[in-house]
Amino acid sequence: MSVRLRLHRMGKKKQPSYRIVAIDSRAARDAKYLENLGTYNPRTEPAAVLLKPERALYWLGQGAQPSDTVRNIFSRQGVLLQWHMQKKGYDEARKQEEIKKWEAAQSERQRRLEAGREQNKKSRKKKKNAAVEAAAAAA
């Protein structure tokens, strides 16, 4: 039996939320799963993720293959970095050092994204004001 780590849909119609589960690869999307590894809610900004990283690492160690979406979630949460370091046999000190570097890079990335959003808001507001002034001048 090959195991996949994938999303299990929950929530009401047009209001999806998902469980991240370990499931037999032949099973249907909402079939019975082996273990619940966490939750993913894409409707919030930013998307809310609650994850059990130690269980995710366990299943990766057992040969489970994550789906593309779950792989992206694991990457953003740092699980794939931990998995990589575990496979390479890093000692605890080096793991901690790498995790600190990764967290610093993630916080910098988040800061840049927020700055870009603010800039976009300002430019949209400027364009809107210019359009209003042009319409007022034409009238």
# chains A, B, ... in the order shown; residues from 1 in each chain; ligands from 1
$ residues_around --residues "region 11-28 of chain A" --least-positions-apart "4" --cutoff "8 Å" --atoms "only C-alpha atoms" --output "PyMOL selection string"
chain A and resi 1-7+32-43+59+64+70
$ select_by_dssp --residues "region 1-78 of chain A" --states "strand (DSSP E)" --output "PyMOL selection string"
chain A and resi 3-12+15-24+35-41+48-51+65-66
$ closest_residue --among "A:Leu60, A:Asn72, A:Lys52, A:Glu114" --to "His84 (chain A)" --atoms "only C-alpha atoms"
A:Leu60
$ closest_residue --among "A:Lys100, A:Arg109, A:Lys95, A:Arg9" --to "Arg76 (chain A)" --atoms "only C-alpha atoms"
A:Arg109
$ select_by_dssp --residues "chain A" --states "alpha helix (DSSP H)" --output "PyMOL selection string"
chain A and resi 53-61+68-77+79-88+92-138
$ write_last_selection --atoms "C-alpha atoms" --output "PDB file, in the first residue's frame"
ATOM      1  CA  PRO A  53       5.507  18.355  12.089  1.00  0.00           C
ATOM      2  CA  GLU A  54       6.784  15.313  13.998  1.00  0.00           C
ATOM      3  CA  ARG A  55       4.026  13.134  12.526  1.00  0.00           C
ATOM      4  CA  ALA A  56       4.616  14.565   9.050  1.00  0.00           C
ATOM      5  CA  LEU A  57       8.310  13.679   9.381  1.00  0.00           C
ATOM      6  CA  TYR A  58       7.342  10.197  10.538  1.00  0.00           C
ATOM      7  CA  TRP A  59       5.200   9.594   7.441  1.00  0.00           C
ATOM      8  CA  LEU A  60       7.851  11.022   5.137  1.00  0.00           C
ATOM      9  CA  GLY A  61      10.278   8.607   6.773  1.00  0.00           C
ATOM     10  CA  ASP A  68       1.899  19.159  -4.710  1.00  0.00           C
ATOM     11  CA  THR A  69      -0.221  21.346  -2.431  1.00  0.00           C
ATOM     12  CA  VAL A  70       0.865  19.517   0.715  1.00  0.00           C
ATOM     13  CA  ARG A  71       4.496  19.746  -0.427  1.00  0.00           C
ATOM     14  CA  ASN A  72       4.089  23.542  -0.723  1.00  0.00           C
ATOM     15  CA  ILE A  73       2.488  23.725   2.730  1.00  0.00           C
ATOM     16  CA  PHE A  74       5.293  21.626   4.229  1.00  0.00           C
ATOM     17  CA  SER A  75       7.881  23.813   2.531  1.00  0.00           C
ATOM     18  CA  ARG A  76       6.351  27.006   3.957  1.00  0.00           C
ATOM     19  CA  GLN A  77       6.151  25.463   7.421  1.00  0.00           C
ATOM     20  CA  VAL A  79       8.926  20.516   7.469  1.00  0.00           C
ATOM     21  CA  LEU A  80      10.747  19.775   4.216  1.00  0.00           C
ATOM     22  CA  LEU A  81      13.859  21.563   5.533  1.00  0.00           C
ATOM     23  CA  GLN A  82      13.765  19.399   8.667  1.00  0.00           C
ATOM     24  CA  TRP A  83      13.246  16.295   6.518  1.00  0.00           C
ATOM     25  CA  HIS A  84      16.212  17.211   4.336  1.00  0.00           C
ATOM     26  CA  MET A  85      18.454  17.779   7.369  1.00  0.00           C
ATOM     27  CA  GLN A  86      17.287  14.520   8.928  1.00  0.00           C
ATOM     28  CA  LYS A  87      18.119  12.581   5.741  1.00  0.00           C
ATOM     29  CA  LYS A  88      21.562  14.223   5.524  1.00  0.00           C
ATOM     30  CA  GLU A  92      21.354  19.109  16.481  1.00  0.00           C
ATOM     31  CA  ALA A  93      23.577  22.221  16.559  1.00  0.00           C
ATOM     32  CA  ARG A  94      23.709  22.435  12.775  1.00  0.00           C
ATOM     33  CA  LYS A  95      19.947  21.801  12.523  1.00  0.00           C
ATOM     34  CA  GLN A  96      19.268  24.693  14.910  1.00  0.00           C
ATOM     35  CA  GLU A  97      21.613  26.972  12.947  1.00  0.00           C
ATOM     36  CA  GLU A  98      19.918  26.122   9.636  1.00  0.00           C
ATOM     37  CA  ILE A  99      16.450  26.608  11.121  1.00  0.00           C
ATOM     38  CA  LYS A 100      17.434  30.059  12.425  1.00  0.00           C
ATOM     39  CA  LYS A 101      18.694  31.027   8.953  1.00  0.00           C
ATOM     40  CA  TRP A 102      15.483  29.746   7.392  1.00  0.00           C
ATOM     41  CA  GLU A 103      13.299  31.650   9.895  1.00  0.00           C
ATOM     42  CA  ALA A 104      15.237  34.863   9.203  1.00  0.00           C
ATOM     43  CA  ALA A 105      14.758  34.403   5.457  1.00  0.00           C
ATOM     44  CA  GLN A 106      11.033  33.751   5.946  1.00  0.00           C
ATOM     45  CA  SER A 107      10.554  36.877   8.070  1.00  0.00           C
ATOM     46  CA  GLU A 108      12.413  38.950   5.447  1.00  0.00           C
ATOM     47  CA  ARG A 109      10.235  37.466   2.706  1.00  0.00           C
ATOM     48  CA  GLN A 110       7.093  38.284   4.698  1.00  0.00           C
ATOM     49  CA  ARG A 111       8.292  41.852   5.287  1.00  0.00           C
ATOM     50  CA  ARG A 112       8.912  42.346   1.548  1.00  0.00           C
ATOM     51  CA  LEU A 113       5.467  40.966   0.671  1.00  0.00           C
ATOM     52  CA  GLU A 114       3.752  43.315   3.114  1.00  0.00           C
ATOM     53  CA  ALA A 115       5.746  46.290   1.805  1.00  0.00           C
ATOM     54  CA  GLY A 116       4.730  45.384  -1.761  1.00  0.00           C
ATOM     55  CA  ARG A 117       1.072  45.169  -0.744  1.00  0.00           C
ATOM     56  CA  GLU A 118       1.254  48.591   0.895  1.00  0.00           C
ATOM     57  CA  GLN A 119       2.857  50.047  -2.231  1.00  0.00           C
ATOM     58  CA  ASN A 120       0.129  48.545  -4.417  1.00  0.00           C
ATOM     59  CA  LYS A 121      -2.578  50.012  -2.171  1.00  0.00           C
ATOM     60  CA  LYS A 122      -0.999  53.458  -2.399  1.00  0.00           C
ATOM     61  CA  SER A 123      -0.638  53.330  -6.193  1.00  0.00           C
ATOM     62  CA  ARG A 124      -4.253  52.158  -6.616  1.00  0.00           C
ATOM     63  CA  LYS A 125      -5.451  54.989  -4.369  1.00  0.00           C
ATOM     64  CA  LYS A 126      -3.390  57.494  -6.385  1.00  0.00           C
ATOM     65  CA  LYS A 127      -4.846  56.246  -9.684  1.00  0.00           C
ATOM     66  CA  LYS A 128      -8.361  56.420  -8.272  1.00  0.00           C
ATOM     67  CA  ASN A 129      -7.859  60.012  -7.075  1.00  0.00           C
ATOM     68  CA  ALA A 130      -6.406  61.009 -10.458  1.00  0.00           C
ATOM     69  CA  ALA A 131      -9.389  59.470 -12.255  1.00  0.00           C
ATOM     70  CA  VAL A 132     -11.830  61.329  -9.978  1.00  0.00           C
ATOM     71  CA  GLU A 133     -10.011  64.633 -10.533  1.00  0.00           C
ATOM     72  CA  ALA A 134      -9.967  64.091 -14.303  1.00  0.00           C
ATOM     73  CA  ALA A 135     -13.698  63.354 -14.302  1.00  0.00           C
ATOM     74  CA  ALA A 136     -14.375  66.473 -12.201  1.00  0.00           C
ATOM     75  CA  ALA A 137     -12.262  68.647 -14.541  1.00  0.00           C
ATOM     76  CA  ALA A 138     -14.050  67.276 -17.608  1.00  0.00           C
TER      77      ALA A 138
END
$ atom_distance --atom1 "CA of Gly78 (chain A)" --atom2 "CA of Pro66 (chain A)"
14.2 Å
$ atom_distance --atom1 "CA of Asp30 (chain A)" --atom2 "CA of Glu45 (chain A)"
25.3 Å
